[in-house]
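Structure file coords_0.cif (mmCIF, C-alpha atoms) is printed below.
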data_start
loop_
_atom_site.label_atom_id
_atom_site.label_comp_id
_atom_site.auth_asym_id
_atom_site.auth_seq_id
_atom_site.Cartn_x
_atom_site.Cartn_y
_atom_site.Cartn_z
CA MET A 1 -7.84 -34.80 48.31
CA ARG A 2 -5.13 -36.08 46.06
CA GLY A 3 -7.39 -35.91 43.00
CA ARG A 4 -8.26 -32.33 43.84
CA SER A 5 -4.67 -31.15 44.02
CA VAL A 6 -3.90 -32.84 40.70
CA ARG A 7 -6.92 -31.08 39.20
CA SER A 8 -5.88 -27.68 40.56
CA LEU A 9 -2.39 -28.27 39.18
CA LEU A 10 -3.93 -28.90 35.78
CA TRP A 11 -5.92 -25.68 36.02
CA LEU A 12 -2.82 -23.83 37.09
CA GLY A 13 -0.95 -25.18 34.05
CA LEU A 14 -3.75 -24.18 31.71
CA TYR A 15 -3.87 -20.71 33.25
CA ALA A 16 -0.10 -20.27 32.87
CA ALA A 17 -0.26 -21.37 29.23
CA CYS A 18 -3.04 -18.84 28.48
CA ALA A 19 -1.26 -16.05 30.34
CA SER A 20 1.99 -16.56 28.44
CA ALA A 21 0.11 -16.70 25.13
CA LEU A 22 -1.58 -13.39 25.97
CA ALA A 23 1.74 -11.83 27.00
CA ASP A 24 3.29 -12.90 23.68
CA ALA A 25 0.38 -11.37 21.77
CA SER A 26 0.73 -8.00 23.49
CA ALA A 27 4.54 -7.95 23.13
CA GLN A 28 4.35 -8.58 19.41
CA GLN A 29 1.09 -7.37 17.99
CA ALA A 30 0.17 -8.76 14.59
CA TYR A 31 1.64 -6.73 11.73
CA CYS A 32 -0.79 -4.01 10.55
CA GLU A 33 -0.73 -3.12 6.86
CA TRP A 34 0.00 0.54 6.10
CA GLN A 35 -0.33 2.70 2.98
CA SER A 36 1.99 5.52 1.97
CA ALA A 37 0.91 8.38 -0.28
CA ASP A 38 2.68 11.65 -1.08
CA PHE A 39 5.76 10.49 0.88
CA ALA A 40 3.76 10.11 4.09
CA ILE A 41 1.60 7.64 6.01
CA ALA A 42 -1.53 9.59 6.93
CA SER A 43 -3.19 7.17 9.37
CA PRO A 44 -1.63 5.98 12.65
CA LEU A 45 -0.44 2.35 12.56
CA CYS A 46 -3.24 -0.01 13.70
CA GLY A 47 -5.19 3.18 14.58
CA LEU A 48 -3.15 3.62 17.80
CA ASP A 49 -2.51 6.82 19.79
CA GLY A 50 1.09 7.69 20.67
CA ASP A 51 2.49 8.96 23.96
CA PRO A 52 5.33 11.53 23.64
CA ALA A 53 6.90 10.71 27.05
CA ARG A 54 7.17 7.01 26.18
CA GLY A 55 8.51 8.00 22.76
CA ARG A 56 11.28 10.12 24.26
CA ALA A 57 12.35 7.28 26.58
CA LEU A 58 12.32 4.84 23.66
CA ALA A 59 14.45 7.15 21.50
CA ALA A 60 17.17 7.18 24.17
CA ASP A 61 16.93 3.47 25.08
CA SER A 62 19.81 1.55 23.51
CA HIS A 63 17.70 -1.63 23.73
CA GLY A 64 14.63 0.15 22.31
CA GLY A 65 14.41 2.55 19.38
CA ASN A 66 18.00 3.71 19.99
CA CYS A 67 17.59 6.75 17.71
CA LEU A 68 20.61 8.24 19.55
CA ALA A 69 22.88 5.58 18.05
CA CYS A 70 22.80 7.51 14.77
CA HIS A 71 21.05 10.89 15.32
CA PRO A 72 22.04 13.91 17.43
CA MET A 73 18.93 14.75 19.49
CA PRO A 74 17.89 17.26 22.17
CA ILE A 75 18.26 14.59 24.89
CA ASP A 76 21.04 16.22 26.88
CA GLU A 77 21.19 13.78 29.79
CA GLU A 78 22.54 11.07 27.46
CA PRO A 79 26.18 11.39 26.30
CA PHE A 80 27.57 10.28 22.92
CA HIS A 81 24.96 10.90 20.24
CA GLY A 82 25.64 9.36 16.84
CA THR A 83 26.34 11.49 13.75
CA ILE A 84 25.34 9.04 10.99
CA GLY A 85 21.86 10.49 10.47
CA PRO A 86 20.71 14.13 10.43
CA PRO A 87 20.03 15.93 13.75
CA LEU A 88 16.41 15.53 14.82
CA GLN A 89 16.18 18.91 16.58
CA GLY A 90 13.41 20.83 14.81
CA ILE A 91 12.08 17.83 12.86
CA GLY A 92 8.54 18.62 14.08
CA ALA A 93 8.80 22.00 12.38
CA ARG A 94 10.10 20.52 9.13
CA TYR A 95 7.76 17.52 8.79
CA SER A 96 4.19 16.57 9.66
CA ALA A 97 3.34 13.55 11.82
CA ALA A 98 2.40 11.63 8.65
CA GLN A 99 5.78 12.40 7.02
CA ILE A 100 7.70 11.46 10.18
CA ARG A 101 5.72 8.19 10.38
CA LEU A 102 6.88 7.04 6.93
CA ARG A 103 10.49 7.99 7.77
CA ILE A 104 10.43 5.71 10.83
CA VAL A 105 8.40 2.94 9.21
CA ASP A 106 10.43 2.61 5.99
CA GLU A 107 12.90 5.36 5.06
CA LYS A 108 13.91 3.33 1.98
CA GLN A 109 10.69 4.50 0.29
CA LEU A 110 12.27 7.97 0.23
CA ASN A 111 15.93 7.04 -0.14
CA PRO A 112 16.64 3.54 -1.51
CA MET A 113 20.35 3.82 -0.55
CA THR A 114 19.76 4.75 3.08
CA ILE A 115 21.42 2.96 6.01
CA MET A 116 18.34 3.67 8.15
CA PRO A 117 16.46 0.46 9.00
CA GLY A 118 12.73 0.30 8.31
CA PHE A 119 11.41 0.05 11.86
CA TYR A 120 7.95 -1.13 10.78
CA ARG A 121 8.70 -2.63 7.40
CA ASP A 122 6.90 -5.78 6.25
CA PRO A 123 9.08 -8.49 7.90
CA ALA A 124 8.51 -10.76 4.89
CA LEU A 125 10.80 -8.43 2.87
CA ALA A 126 13.88 -9.01 5.06
CA ASN A 127 16.80 -10.96 3.58
CA ARG A 128 18.18 -13.81 5.74
CA ILE A 129 16.54 -12.55 8.95
CA ALA A 130 17.70 -14.45 12.09
CA GLY A 131 15.32 -17.17 13.29
CA GLU A 132 14.26 -15.44 16.51
CA PHE A 133 13.12 -12.37 14.55
CA TRP A 134 11.07 -14.21 11.92
CA GLY A 135 7.84 -12.37 11.13
CA LYS A 136 8.66 -9.52 13.53
CA THR A 137 9.11 -5.81 12.94
CA PHE A 138 11.92 -3.97 14.78
CA LEU A 139 9.46 -1.77 16.68
CA SER A 140 5.80 -2.46 17.51
CA ALA A 141 3.08 -0.25 16.02
CA GLN A 142 2.59 1.32 19.46
CA GLN A 143 6.30 2.14 19.75
CA VAL A 144 6.30 3.80 16.30
CA GLU A 145 3.28 5.92 17.27
CA ASP A 146 4.98 6.89 20.57
CA LEU A 147 8.04 8.05 18.63
CA VAL A 148 5.90 10.02 16.14
CA ALA A 149 4.10 11.69 19.04
CA TYR A 150 7.46 12.67 20.57
CA LEU A 151 9.19 13.81 17.36
CA VAL A 152 6.38 16.19 16.31
CA THR A 153 7.04 18.07 19.58
CA LEU A 154 10.62 18.89 18.46
CA LYS A 155 9.91 22.28 16.87
CA MET B 1 39.23 34.60 -4.64
CA THR B 2 40.85 33.37 -1.44
CA ARG B 3 37.68 31.49 -0.61
CA LEU B 4 37.66 29.89 -4.08
CA LEU B 5 41.29 28.82 -3.66
CA ALA B 6 40.57 27.43 -0.21
CA THR B 7 37.62 25.45 -1.59
CA LEU B 8 39.74 24.10 -4.44
CA MET B 9 42.46 23.05 -2.01
CA LEU B 10 39.90 21.37 0.23
CA VAL B 11 38.48 19.44 -2.72
CA THR B 12 41.90 18.27 -3.93
CA LEU B 13 42.89 17.32 -0.39
CA THR B 14 39.75 15.39 0.49
CA LEU B 15 39.06 13.53 -2.76
CA PRO B 16 42.14 11.24 -2.84
CA ALA B 17 41.92 10.82 0.95
CA GLN B 18 38.54 9.13 0.57
CA ALA B 19 39.79 6.64 -2.00
CA GLU B 20 42.87 5.74 0.07
CA PRO B 21 42.54 2.82 2.47
CA VAL B 22 43.07 3.84 6.11
CA SER B 23 43.90 1.28 8.81
CA GLY B 24 41.58 0.96 11.79
CA TYR B 25 44.68 2.00 13.80
CA ALA B 26 44.01 5.61 12.72
CA PHE B 27 40.60 5.45 14.43
CA LEU B 28 42.00 4.32 17.82
CA ASP B 29 42.70 6.42 20.90
CA ASP B 30 46.30 6.73 22.11
CA SER B 31 46.04 4.17 24.92
CA THR B 32 44.77 1.43 22.57
CA ARG B 33 47.55 2.23 20.09
CA GLU B 34 50.13 1.90 22.86
CA MET B 35 48.62 -1.44 23.87
CA GLN B 36 48.90 -2.72 20.29
CA ASP B 37 52.42 -1.41 19.75
CA ASP B 38 53.94 -3.05 22.84
CA ASP B 39 54.24 -6.83 22.43
CA PHE B 40 54.17 -7.27 26.21
CA SER B 41 50.87 -5.45 26.67
CA ASN B 42 49.22 -6.57 23.40
CA PRO B 43 46.75 -9.29 24.53
CA GLY B 44 46.68 -10.72 20.99
CA MET B 45 50.25 -11.97 21.51
CA VAL B 46 48.81 -14.78 23.65
CA ALA B 47 47.32 -16.22 20.44
CA VAL B 48 50.67 -15.80 18.66
CA ASP B 49 52.35 -17.77 21.48
CA ARG B 50 49.66 -20.46 21.34
CA GLY B 51 50.14 -20.63 17.56
CA ALA B 52 53.91 -21.01 18.06
CA GLU B 53 53.28 -23.95 20.42
CA LEU B 54 51.09 -25.68 17.85
CA PHE B 55 53.64 -24.86 15.14
CA HIS B 56 56.31 -26.82 17.07
CA GLU B 57 54.05 -29.53 18.47
CA LEU B 58 55.00 -33.16 17.94
CA ARG B 59 52.39 -35.78 18.81
CA ASP B 60 53.08 -39.32 20.03
CA SER B 61 54.93 -41.04 17.22
CA GLU B 62 55.15 -38.09 14.84
CA VAL B 63 58.47 -37.08 13.34
CA HIS B 64 57.33 -33.83 11.67
CA SER B 65 55.88 -30.61 13.08
CA CYS B 66 55.14 -27.45 11.07
CA SER B 67 58.59 -26.17 12.06
CA SER B 68 60.30 -29.20 10.48
CA CYS B 69 59.54 -27.77 7.01
CA HIS B 70 58.95 -24.08 7.69
CA GLY B 71 61.91 -23.43 10.01
CA GLU B 72 62.26 -23.08 13.77
CA ASN B 73 60.82 -19.55 13.68
CA GLY B 74 58.87 -19.89 10.45
CA GLU B 75 61.76 -18.35 8.50
CA GLY B 76 61.15 -20.85 5.68
CA MET B 77 57.89 -19.13 4.85
CA ASP B 78 57.85 -16.31 2.32
CA ILE B 79 56.25 -13.33 4.06
CA LYS B 80 55.39 -11.81 0.69
CA ALA B 81 53.34 -14.94 -0.04
CA ILE B 82 51.57 -14.66 3.34
CA ALA B 83 50.57 -11.10 2.45
CA ARG B 84 48.88 -12.44 -0.74
CA TYR B 85 46.14 -14.36 1.13
CA PRO B 86 43.38 -15.22 0.33
CA VAL B 87 44.88 -16.71 -2.88
CA PHE B 88 43.62 -18.51 -5.96
CA ASN B 89 45.00 -22.03 -6.14
CA ALA B 90 43.45 -24.23 -8.83
CA ASN B 91 44.99 -27.37 -7.26
CA LEU B 92 43.23 -26.68 -3.97
CA GLY B 93 39.86 -25.97 -5.56
CA GLY B 94 40.10 -22.23 -6.24
CA LEU B 95 39.81 -19.63 -3.49
CA VAL B 96 41.94 -20.50 -0.44
CA THR B 97 42.02 -18.48 2.78
CA LEU B 98 45.06 -18.54 5.07
CA GLN B 99 43.16 -20.70 7.59
CA GLU B 100 42.28 -23.18 4.84
CA ARG B 101 45.91 -23.31 3.69
CA VAL B 102 47.11 -24.02 7.23
CA ASN B 103 44.43 -26.67 7.66
CA TYR B 104 45.42 -28.29 4.35
CA CYS B 105 49.01 -28.62 5.58
CA TRP B 106 47.74 -29.92 8.94
CA GLU B 107 45.67 -32.65 7.29
CA ILE B 108 47.78 -33.66 4.27
CA ASN B 109 51.38 -33.03 5.33
CA LEU B 110 51.09 -33.72 9.08
CA ASP B 111 48.45 -36.42 8.54
CA ARG B 112 46.26 -35.15 11.35
CA PHE B 113 42.51 -34.89 11.65
CA PRO B 114 41.65 -31.46 10.14
CA LEU B 115 40.81 -28.60 12.51
CA THR B 116 37.34 -27.06 12.55
CA PRO B 117 37.12 -23.75 10.63
CA GLY B 118 37.09 -20.97 13.20
CA SER B 119 38.41 -23.20 16.02
CA SER B 120 40.77 -21.60 18.53
CA GLU B 121 43.70 -23.77 17.34
CA LEU B 122 43.23 -22.76 13.71
CA ILE B 123 42.87 -19.07 14.62
CA ALA B 124 46.00 -19.30 16.81
CA LEU B 125 47.96 -20.81 13.90
CA GLU B 126 46.57 -18.20 11.51
CA THR B 127 47.56 -15.45 13.95
CA TYR B 128 51.07 -16.90 14.32
CA VAL B 129 51.64 -17.16 10.56
CA ARG B 130 50.10 -13.78 9.77
CA HIS B 131 52.15 -12.17 12.55
CA LEU B 132 55.32 -13.35 10.78
CA ALA B 133 54.35 -10.97 7.95
CA LYS B 134 53.71 -8.01 10.27
CA GLY B 135 54.79 -4.80 8.49
CA GLU B 136 54.50 -6.42 5.06
CA THR B 137 51.99 -4.79 2.69
CA VAL B 138 48.66 -6.54 2.03
CA ASN B 139 48.80 -7.59 -1.61
CA VAL B 140 45.75 -9.63 -2.63
CA GLN B 141 45.50 -10.62 -6.31
CA THR B 142 42.70 -8.68 -8.02
CA ASP B 143 43.08 -9.72 -11.67
CA GLY B 144 42.90 -12.97 -13.64
CA ASP B 145 41.07 -15.83 -11.93
CA MET B 146 40.39 -13.63 -8.92
CA ALA B 147 38.40 -10.96 -10.80
CA PRO B 148 35.05 -12.83 -11.00
CA LEU B 149 35.39 -14.02 -7.36
CA LEU B 150 36.09 -10.46 -6.22
CA ALA B 151 32.97 -9.26 -8.04
CA ARG B 152 30.92 -11.85 -6.15
CA GLY B 153 32.52 -10.82 -2.84
CA GLU B 154 31.78 -7.18 -3.57
CA ALA B 155 28.15 -8.01 -4.36
CA LEU B 156 27.83 -9.74 -0.96
CA TYR B 157 29.52 -6.74 0.69
CA ASN B 158 26.79 -4.51 -0.70
CA THR B 159 23.88 -6.87 0.00
CA ARG B 160 21.42 -5.91 2.73
CA PHE B 161 20.94 -8.55 5.43
CA GLY B 162 18.68 -9.15 8.41
CA GLN B 163 15.94 -7.27 10.18
CA LEU B 164 18.06 -4.09 10.11
CA ASP B 165 18.45 -4.57 6.35
CA MET B 166 21.99 -3.19 6.23
CA SER B 167 25.05 -4.06 4.16
CA CYS B 168 28.73 -3.94 5.16
CA GLY B 169 29.15 -0.96 2.83
CA HIS B 170 26.58 1.14 4.65
CA CYS B 171 28.79 1.58 7.72
CA HIS B 172 32.27 1.10 6.30
CA VAL B 173 31.96 2.95 2.97
CA GLN B 174 28.97 5.33 3.08
CA HIS B 175 29.36 6.43 6.70
CA GLN B 176 33.00 5.76 7.59
CA GLY B 177 34.33 8.34 10.05
CA GLN B 178 30.89 9.05 11.53
CA MET B 179 30.00 8.32 15.15
CA LEU B 180 27.81 5.32 16.00
CA ARG B 181 26.89 6.39 19.52
CA GLY B 182 30.36 6.62 21.17
CA GLN B 183 32.24 4.66 18.54
CA ARG B 184 33.76 6.03 15.33
CA LEU B 185 33.01 3.91 12.24
CA SER B 186 36.25 2.79 10.62
CA GLN B 187 36.68 1.68 7.03
CA GLY B 188 36.46 -1.91 8.25
CA GLN B 189 39.94 -2.73 6.93
CA ALA B 190 41.22 -6.27 7.53
CA ASN B 191 45.00 -5.66 7.73
CA GLY B 192 45.08 -6.33 11.49
CA PHE B 193 43.21 -9.67 11.54
CA PRO B 194 43.14 -11.92 13.44
CA GLU B 195 42.86 -9.12 15.98
CA TYR B 196 42.23 -8.81 19.69
CA ARG B 197 38.84 -7.19 20.37
CA LEU B 198 38.64 -5.43 23.71
CA GLY B 199 34.83 -5.41 23.70
CA ARG B 200 34.73 -9.21 23.36
CA GLY B 201 37.92 -9.98 25.22
CA ARG B 202 39.17 -12.49 22.67
CA ILE B 203 41.28 -12.94 19.58
CA THR B 204 38.89 -12.70 16.62
CA SER B 205 39.25 -13.89 13.05
CA LEU B 206 37.82 -11.83 10.20
CA GLN B 207 35.03 -14.37 9.68
CA GLN B 208 34.14 -14.32 13.40
CA ARG B 209 33.92 -10.53 13.09
CA LEU B 210 31.55 -10.98 10.14
CA THR B 211 29.33 -13.16 12.34
CA GLU B 212 29.31 -10.41 15.01
CA CYS B 213 28.13 -7.94 12.35
CA PHE B 214 25.46 -10.36 11.05
CA VAL B 215 24.15 -10.87 14.59
CA SER B 216 23.91 -7.13 15.12
CA PHE B 217 21.98 -6.85 11.83
CA ARG B 218 19.68 -9.53 13.31
CA ALA B 219 20.59 -11.69 10.32
CA GLU B 220 21.32 -15.42 10.17
CA PRO B 221 25.14 -15.62 9.92
CA PHE B 222 26.89 -17.83 7.36
CA GLU B 223 29.16 -20.65 8.57
CA GLU B 224 32.85 -19.98 9.07
CA GLY B 225 34.65 -21.40 6.05
CA SER B 226 31.48 -21.16 3.91
CA PRO B 227 31.80 -19.96 0.30
CA GLU B 228 29.96 -16.73 1.20
CA TYR B 229 32.32 -15.84 4.07
CA ASP B 230 35.38 -16.82 2.01
CA LEU B 231 34.23 -14.49 -0.81
CA LEU B 232 33.58 -11.70 1.70
CA GLU B 233 37.01 -12.27 3.27
CA LEU B 234 38.60 -12.05 -0.20
CA TYR B 235 36.88 -8.79 -1.09
CA ILE B 236 37.39 -7.21 2.34
CA MET B 237 41.10 -8.17 2.42
CA SER B 238 41.56 -6.77 -1.11
CA ARG B 239 40.26 -3.41 0.15
CA ALA B 240 43.29 -3.39 2.49
CA ASN B 241 45.76 -3.72 -0.41
CA GLY B 242 48.57 -1.26 0.31
CA LEU B 243 48.10 -1.27 4.09
CA GLU B 244 50.67 -2.84 6.42
CA ILE B 245 49.77 -6.09 8.18
CA GLU B 246 49.33 -5.35 11.92
CA THR B 247 48.42 -8.85 13.20
CA PRO B 248 47.53 -9.04 16.02
CA ALA B 249 45.90 -5.61 15.99
CA VAL B 250 44.01 -4.35 19.06
CA ARG B 251 40.57 -2.91 18.36
CA PHE B 252 37.40 -2.12 20.24
#

Would you kindly transcribe this structure into structure tokens?
Amino acid sequence: MRGRSVRSLLWLGLYAACASALADASAQQAYCEWQSADFAIASPLCGLDGDPARGRALAADSHGGNCLACHPMPIDEEPFHGTIGPPLQGIGARYSAAQIRLRIVDEKQLNPMTIMPGFYRDPALANRIAGEFWGKTFLSAQQVEDLVAYLVTLK
Amino acid sequence: MTRLLATLMLVTLTLPAQAEPVSGYAFLDDSTREMQDDDFSNPGMVAVDRGAELFHELRDSEVHSCSSCHGENGEGMDIKAIARYPVFNANLGGLVTLQERVNYCWEINLDRFPLTPGSSELIALETYVRHLAKGETVNVQTDGDMAPLLARGEALYNTRFGQLDMSCGHCHVQHQGQMLRGQRLSQGQANGFPEYRLGRGRITSLQQRLTECFVSFRAEPFEEGSPEYDLLELYIMSRANGLEIETPAVRF
């Protein structure tokens, strides 16, 4: 009886270890390489599909994409939009999904002086990144695709 | 013609305004200004009082406190010299911040174990001494031995750090006056440091503020009292040349 409970405890421990490893993998997917051409990234990151509703929530979330920190946006239920970046109303009429993708992923490719962080820039390029963010991008590939899917709807 | 004149006036009015340093005080709402202006409601005055205690403190068998040399109310100190910090002092190894100068006195003249850079005692003493020069104009040396150090400080100021890959200059030069969510970006002037930060609820030295910025960039901060922070403090304080010292300022 005693041996059995010890064994089940061991199994439980192994299961917990696997589950947390899986959770880590889904929270921070491995970095997918991307290619830019003609000031755009034509293919979706890691080949993922975006969801505009999730993208809208992420744009307003101050612990998520937090686009509102710098950009005025048509998200009227949230007060205090930033004015550092250009308004994003109508961005879907001005730019294609591929052009918007590069602007989120690494705006510095278009404007080397910009304040805008590269939200899916190669983490190896960061200078003096804090330990807990080593090897990580600001947003996951899925989050970037969700934002692209939302922003193209702003016509 | 009227429109042309108006445009010309606008250009002449805005150009010098951008080059002029503006205190963070100008970016505050009225209630925060009132809090700063009244010594009884300014929460930073607690640090000034704590600094005054340390300034007069005599331990066990000691015969000297800071006030023995510098006067009962610090009147022996030259407020114009306080407004010069950080200074270049070849005898003390080059660049010396006000905290380092206080700590030097603490260790060599009072023969005490030196305080830790960024410790609450050292910040309280810095706040007390800096407060003596309140109203005096910031006047950091920018020529001579200081020139190459300033250039290094400026380079750090414009270096991108962390996962957000931003420099100090991005917010406080390129985008000053713009709104970051509900907060207006100031010029990041240092004339009020050490200052009381309402968001943190504590007196904050300039180098502690730098660490807050580094953490928000998701960058590894430098150590307080490190050469990098000292160079940044030098350059940032020199940007405030011409502004009145407000220590302890109240800021968000």

Any idea which chain B residues end up within 10 Å of chain A if we count only C-alpha atoms, as a PyMOL selection string please? chain B and resi 159-167+169-171+174-185+214-215+217-222

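Excluding B:Phe55 itself and same-chain residues fewer than 5 positions from it, the residues having an atom within 10 Å of it are Asp49, Arg50, Ser65, Cys66, Ser67, Ser68, His70, Gly71, Glu72, Asn73, Gly74, Trp106, Ala124, Leu125, Tyr128 and Val129 of chain B, counting only C-alpha atoms.
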
The distance between atom CA of A:Asp76 and atom CA of A:Tyr120 is 27.0 Å

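Residues in contact range of B:Leu206, defined as at most 6 Å between all atoms listed in the file, with sequence neighbours fewer than 2 positions away removed, read Phe193, Gln208 and Arg209 of chain B.
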
Take the PyMOL selection byres ((chain B and resi 190-192) around 6), run it mentally on this structure, and tell me the resulting residues as an NGL selection string. :B and (189 or 193 or 195 or 237 or 240 or 245-249)

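Put simply, atom CA of A:Leu151 is 13.8 Å away from atom CA of A:Asp49.
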
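Closest approach to B:Asn139 among B:Leu231, B:Ala26, B:Val87, B:Val250 is made by B:Val87 (distances from all atoms listed in the file).
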
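Separating atom CA of A:Ala97 from atom CA of A:Tyr150 is a distance of 9.7 Å.
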
From the coordinates supplied, stretch 105-157 of chain B should be written with C-alpha atoms, as a tab-separated table (two decimals), in the first residue's frame.
chain	number	residue	atom	x	y	z
B	105	CYS	CA	33.05	63.15	4.06
B	106	TRP	CA	31.20	60.44	6.03
B	107	GLU	CA	34.05	57.96	5.61
B	108	ILE	CA	37.17	60.17	5.71
B	109	ASN	CA	36.22	63.10	7.94
B	110	LEU	CA	33.75	61.38	10.29
B	111	ASP	CA	35.69	58.10	10.17
B	112	ARG	CA	32.57	56.02	9.74
B	113	PHE	CA	31.90	52.94	7.65
B	114	PRO	CA	30.81	54.32	4.23
B	115	LEU	CA	27.11	54.23	3.34
B	116	THR	CA	25.84	52.07	0.48
B	117	PRO	CA	25.21	54.04	-2.74
B	118	GLY	CA	21.46	54.53	-3.02
B	119	SER	CA	20.81	53.69	0.66
B	120	SER	CA	18.03	55.61	2.41
B	121	GLU	CA	20.54	57.39	4.70
B	122	LEU	CA	22.65	58.60	1.79
B	123	ILE	CA	19.58	59.76	-0.16
B	124	ALA	CA	18.27	61.55	2.96
B	125	LEU	CA	21.61	63.36	3.35
B	126	GLU	CA	21.69	64.19	-0.36
B	127	THR	CA	18.13	65.54	-0.13
B	128	TYR	CA	19.03	67.64	2.93
B	129	VAL	CA	22.13	69.16	1.29
B	130	ARG	CA	20.47	69.72	-2.07
B	131	HIS	CA	17.45	71.31	-0.35
B	132	LEU	CA	19.80	73.93	1.15
B	133	ALA	CA	20.39	75.12	-2.43
B	134	LYS	CA	16.68	75.26	-3.31
B	135	GLY	CA	16.08	78.21	-5.66
B	136	GLU	CA	19.72	78.28	-6.76
B	137	THR	CA	20.33	77.71	-10.48
B	138	VAL	CA	21.70	74.34	-11.64
B	139	ASN	CA	25.18	75.09	-12.96
B	140	VAL	CA	27.04	71.93	-13.99
B	141	GLN	CA	30.47	72.40	-15.58
B	142	THR	CA	30.34	71.53	-19.29
B	143	ASP	CA	33.84	72.50	-20.49
B	144	GLY	CA	37.40	71.43	-19.70
B	145	ASP	CA	37.78	68.04	-18.01
B	146	MET	CA	34.02	67.58	-18.06
B	147	ALA	CA	33.61	67.77	-21.85
B	148	PRO	CA	34.71	64.19	-22.69
B	149	LEU	CA	32.70	62.78	-19.74
B	150	LEU	CA	29.61	64.68	-20.89
B	151	ALA	CA	30.01	63.23	-24.38
B	152	ARG	CA	30.06	59.73	-22.89
B	153	GLY	CA	26.98	60.51	-20.77
B	154	GLU	CA	25.17	61.84	-23.81
B	155	ALA	CA	26.04	58.69	-25.77
B	156	LEU	CA	24.51	56.56	-22.99
B	157	TYR	CA	21.46	58.85	-22.96
